[in-house]
Number of protein chains: 4
Amino acid sequence: MIEHKHLVQFYETDMMGIVHHSNYLRFFEEARVHWAHVKGLIDYQKKESASHIAVLETHVRHFKPAYFGDLLKIQVQARLDGVRMTFQYKMFGRNDDVIATCQTRHAPMSLDLKPIKIAKDFKQVFEREKWIETWL
Amino acid sequence: MIEHKHLVQFYETDMMGIVHHSNYLRFFEEARVHWAHVKGLIDYQKKESASHIAVLETHVRHFKPAYFGDLLKIQVQARLDGVRMTFQYKMFGRNDDVIATCQTRHAPMSLDLKPIKIAKDFKQVFEREKWIETWL
Amino acid sequence: MIEHKHLVQFYETDMMGIVHHSNYLRFFEEARVHWAHVKGLIDYQKKESASHIAVLETHVRHFKPAYFGDLLKIQVQARLDGVRMTFQYKMFGRNDDVIATCQTRHAPMSLDLKPIKIAKDFKQVFEREKWIETWL
Amino acid sequence: MIEHKHLVQFYETDMMGIVHHSNYLRFFEEARVHWAHVKGLIDYQKKESASHIAVLETHVRHFKPAYFGDLLKIQVQARLDGVRMTFQYKMFGRNDDVIATCQTRHAPMSLDLKPIKIAKDFKQVFEREKWIETWL
């Protein structure tokens with residue numbers, strides 16, 4: 001299982017003194033890209049490889065806030081649901097508390113943003129993934 | 001019903017040429033703040049009035065992309081679920097298509113981020129709101 | 001002279017309780033795009049028209065902070081410096097105080113990000129602009 | 001000299017396919033905070049320690065774009081100019097090219113955003129810094 005780390009930056013806080021909730025989707029994207037990179041599905045040198053996976057749905061639950069300077073840890077799991085790719089995320093904050101969970105659903109797109117079939121290499125990677133329990 | 005408008009800015013796009021999905025939570029926040037302002041629940045001059053409503057959950061469905069220069073329209077509805085505040089949003093893009101729907105759940109917090117009871121004026125406003133159908 | 005308005009959003013604040021300085025470049029971009037749209041240089045329907053002006057330099061001076069809910073006003077002026085486009089901006093905040101000034105320099109780029117000559121219609125628009133005094 | 005690293009994220013790109021220029025100020029802030037942390041001037045556990053340094057001025061020059069997946073390297077230097085703190089930054093992108101340089105100026109503020117004298121420990125750290133040449 002991939003564990004992604006993110007150090008909370010000053011510019012990610014808001015006037016409540018905590019990380020603004022919109023940034024969580026950015027951190028989960030980081031974790032998803034990290035996962036895809038480790039699995040060999042993203043080649044940073046090829047513009048197309050990463051950029052054409054559409055986001056169909058995001059669902060985040062927040063349990064505790066995150067603060068400037070926190071080193072967040074994000075676990076990622078992935079599975080195929082027919083033609084959709086589903087990811088789930090568990091975010092750990094201070095004292096290793098689970099501070100947020102998330103699910104996102106995605107579909108591959110052509111360069112002109114039409115839905116296409118999932119590529120063979122993607123499919124093979126997803127089929128080797130383990131999704132033991134649902135976190136959200 | 002409040003309808004909030006947002007003109008998509010260049011800096012809100014990503015390398016797919018569309019609005020990055022994390023920005024949708026920002027647009028829905030704009031709509032929620034707009035709603036609260038119209039209802040008299042936010043006084044921009046008082047720092048505390050707006051800032052201490054925690055985000056407990058966000059759930060977004062994306063149907064079509066949004067593009068640079070699009071004038072998005074966002075409808076907002078609100079209701080109380082016990083001690084939680086729930087908002088739903090319907091976003092219209094090009095050709096007045098519904099391009100996204102969303103639900104968010106919130107709870108009032110004290111200045112040191114502890115959960116507190118919902119204020120009387122908030123409660124009264126929510127009780128007058130209509131929530132006819134669920135959009136998500 | 002174009003005057004652009006921006007209502008400060010909650011998500012644009014940071015833990016100091018004020019607008020994060022990186023957002024000023026976004027507000028100045030909004031004003032620049034607004035200017036280009038009014039001058040007929042941006043057609044939102046054509047992806048290429050707006051997107052291929054490179055940013056060469058930005059220079060911002062901050063005098064006072066901006067707060068959540070402030071309705072910022074931004075004045076814009078433009079001029080050609082040979083093959084470069086220069087913009088200057090004056091930002092007004094609470095009590096109509098000048099809270100920031102800025103200069104940005106730009107150059108037109110081809111779709112593959114190579115520098116190209118400035119288009120004739122751009123040139124004509126810039127030549128009609130007035131730049132009376134320097135604000136920065 | 002501190003060298004800060006930043007891996008360019010997908011959400012930091014724009015529809016030109018490159019990193020949006022407003023994000024550079026965020027990366028330079030990361031580098032500045034990194035510097036302050038290494039120097040013992042920021043304690044992430046104390047909210048006040050980092051948050052009350054005002055940004056007076058930012059000046060960025062862009063030479064080449066940055067792309068999704070690039071591992072940017074940012075060198076930082078600092079010096080005192082009377083009551084102001086000045087930082088300069090040199091950013092390296094693909095092929096170790098210098099892709100941007102920057103200067104920012106700052107002043108310490110009280111919790112209610114009034115200018116105050118620079119703290120003794122800050123002063124001592126700055127006086128030990130070396131600023132050999134000017135990069136901007």
# chains A, B, ... in the order shown; residues from 1 in each chain; ligands from 1
$ interface_residues --of "chain C" --to "chain B" --cutoff "12 Å" --atoms "only C-alpha atoms" --output "NGL selection string"
:C and (6-18 or 22-34 or 37 or 42-53 or 66-71 or 94)
$ residues_around --residues "Ile116 (chain A)" --least-positions-apart "3" --cutoff "10 Å" --atoms "only C-alpha atoms" --output "list in words"
Ile53, Val83, Ala107, Pro108, Met109, Ser110, Leu111, Leu113 and Ala119 of chain A
$ write_last_selection --atoms "N, CA, C and O atoms" --output "PDB file, in the first residue's frame"
ATOM      1  N   ILE A  53      -7.359  11.764 -17.050  1.00  0.00           N
ATOM      2  CA  ILE A  53      -8.222  10.949 -16.204  1.00  0.00           C
ATOM      3  C   ILE A  53      -9.225  11.918 -15.580  1.00  0.00           C
ATOM      4  O   ILE A  53      -8.850  12.774 -14.783  1.00  0.00           O
ATOM      5  N   VAL A  83     -15.991   0.171 -15.672  1.00  0.00           N
ATOM      6  CA  VAL A  83     -15.160   1.102 -16.439  1.00  0.00           C
ATOM      7  C   VAL A  83     -14.677   2.277 -15.583  1.00  0.00           C
ATOM      8  O   VAL A  83     -14.017   3.172 -16.093  1.00  0.00           O
ATOM      9  N   ALA A 107     -12.662   8.306 -14.596  1.00  0.00           N
ATOM     10  CA  ALA A 107     -12.789   7.594 -15.874  1.00  0.00           C
ATOM     11  C   ALA A 107     -11.763   8.142 -16.842  1.00  0.00           C
ATOM     12  O   ALA A 107     -11.474   9.334 -16.832  1.00  0.00           O
ATOM     13  N   PRO A 108     -11.200   7.278 -17.686  1.00  0.00           N
ATOM     14  CA  PRO A 108     -10.228   7.750 -18.670  1.00  0.00           C
ATOM     15  C   PRO A 108     -10.919   8.535 -19.784  1.00  0.00           C
ATOM     16  O   PRO A 108     -12.043   8.217 -20.163  1.00  0.00           O
ATOM     17  N   MET A 109     -10.228   9.560 -20.294  1.00  0.00           N
ATOM     18  CA  MET A 109     -10.771  10.431 -21.329  1.00  0.00           C
ATOM     19  C   MET A 109      -9.780  10.526 -22.480  1.00  0.00           C
ATOM     20  O   MET A 109      -8.569  10.471 -22.278  1.00  0.00           O
ATOM     21  N   SER A 110     -10.315  10.772 -23.676  1.00  0.00           N
ATOM     22  CA  SER A 110      -9.456  11.091 -24.815  1.00  0.00           C
ATOM     23  C   SER A 110      -8.978  12.533 -24.669  1.00  0.00           C
ATOM     24  O   SER A 110      -9.443  13.270 -23.797  1.00  0.00           O
ATOM     25  N   LEU A 111      -8.056  12.930 -25.550  1.00  0.00           N
ATOM     26  CA  LEU A 111      -7.507  14.285 -25.462  1.00  0.00           C
ATOM     27  C   LEU A 111      -8.578  15.358 -25.636  1.00  0.00           C
ATOM     28  O   LEU A 111      -8.429  16.472 -25.150  1.00  0.00           O
ATOM     29  N   LEU A 113     -11.510  15.080 -24.364  1.00  0.00           N
ATOM     30  CA  LEU A 113     -12.400  14.910 -23.218  1.00  0.00           C
ATOM     31  C   LEU A 113     -13.635  14.054 -23.477  1.00  0.00           C
ATOM     32  O   LEU A 113     -14.684  14.271 -22.878  1.00  0.00           O
ATOM     33  N   ALA A 119      -7.140   1.779 -20.466  1.00  0.00           N
ATOM     34  CA  ALA A 119      -5.985   1.177 -21.140  1.00  0.00           C
ATOM     35  C   ALA A 119      -5.599  -0.142 -20.463  1.00  0.00           C
ATOM     36  O   ALA A 119      -5.826  -0.334 -19.272  1.00  0.00           O
TER      37      ALA A 119
END
$ select_by_dssp --residues "region 34-83 of chain A" --states "helix (DSSP H, G or I)" --output "PDB file with N, CA and C atoms, in the first residue's frame"
ATOM      1  N   HIS A  34       1.050   9.963  -6.889  1.00  0.00           N
ATOM      2  CA  HIS A  34       2.157   9.219  -6.294  1.00  0.00           C
ATOM      3  C   HIS A  34       1.960   7.711  -6.525  1.00  0.00           C
ATOM      4  N   TRP A  35       0.758   7.249  -6.241  1.00  0.00           N
ATOM      5  CA  TRP A  35       0.399   5.844  -6.465  1.00  0.00           C
ATOM      6  C   TRP A  35       0.622   5.462  -7.930  1.00  0.00           C
ATOM      7  N   ALA A  36       0.091   6.278  -8.856  1.00  0.00           N
ATOM      8  CA  ALA A  36       0.185   5.971 -10.288  1.00  0.00           C
ATOM      9  C   ALA A  36       1.637   5.979 -10.754  1.00  0.00           C
ATOM     10  N   HIS A  37       2.442   6.847 -10.139  1.00  0.00           N
ATOM     11  CA  HIS A  37       3.855   6.930 -10.493  1.00  0.00           C
ATOM     12  C   HIS A  37       4.602   5.681 -10.039  1.00  0.00           C
ATOM     13  N   VAL A  38       4.336   5.276  -8.823  1.00  0.00           N
ATOM     14  CA  VAL A  38       4.960   4.066  -8.288  1.00  0.00           C
ATOM     15  C   VAL A  38       4.557   2.838  -9.120  1.00  0.00           C
ATOM     16  N   LYS A  47       3.195  14.438 -21.416  1.00  0.00           N
ATOM     17  CA  LYS A  47       2.098  15.284 -20.971  1.00  0.00           C
ATOM     18  C   LYS A  47       0.780  14.516 -20.874  1.00  0.00           C
ATOM     19  N   GLU A  48       0.554  13.638 -21.826  1.00  0.00           N
ATOM     20  CA  GLU A  48      -0.756  13.003 -21.916  1.00  0.00           C
ATOM     21  C   GLU A  48      -0.987  11.979 -20.809  1.00  0.00           C
ATOM     22  N   SER A  49       0.077  11.352 -20.358  1.00  0.00           N
ATOM     23  CA  SER A  49      -0.102  10.158 -19.539  1.00  0.00           C
ATOM     24  C   SER A  49      -0.919  10.419 -18.276  1.00  0.00           C
ATOM     25  N   ALA A  50      -0.713  11.571 -17.652  1.00  0.00           N
ATOM     26  CA  ALA A  50      -1.393  11.793 -16.389  1.00  0.00           C
ATOM     27  C   ALA A  50      -2.638  12.625 -16.534  1.00  0.00           C
ATOM     28  N   SER A  51      -2.706  13.378 -17.586  1.00  0.00           N
ATOM     29  CA  SER A  51      -3.627  14.493 -17.557  1.00  0.00           C
ATOM     30  C   SER A  51      -5.029  14.135 -17.976  1.00  0.00           C
TER      31      SER A  51
END
$ select_by_dssp --residues "chain C" --states "strand (DSSP E)" --output "PyMOL selection string"
chain C and resi 2-7+53-62+71-81+84-92+98-108
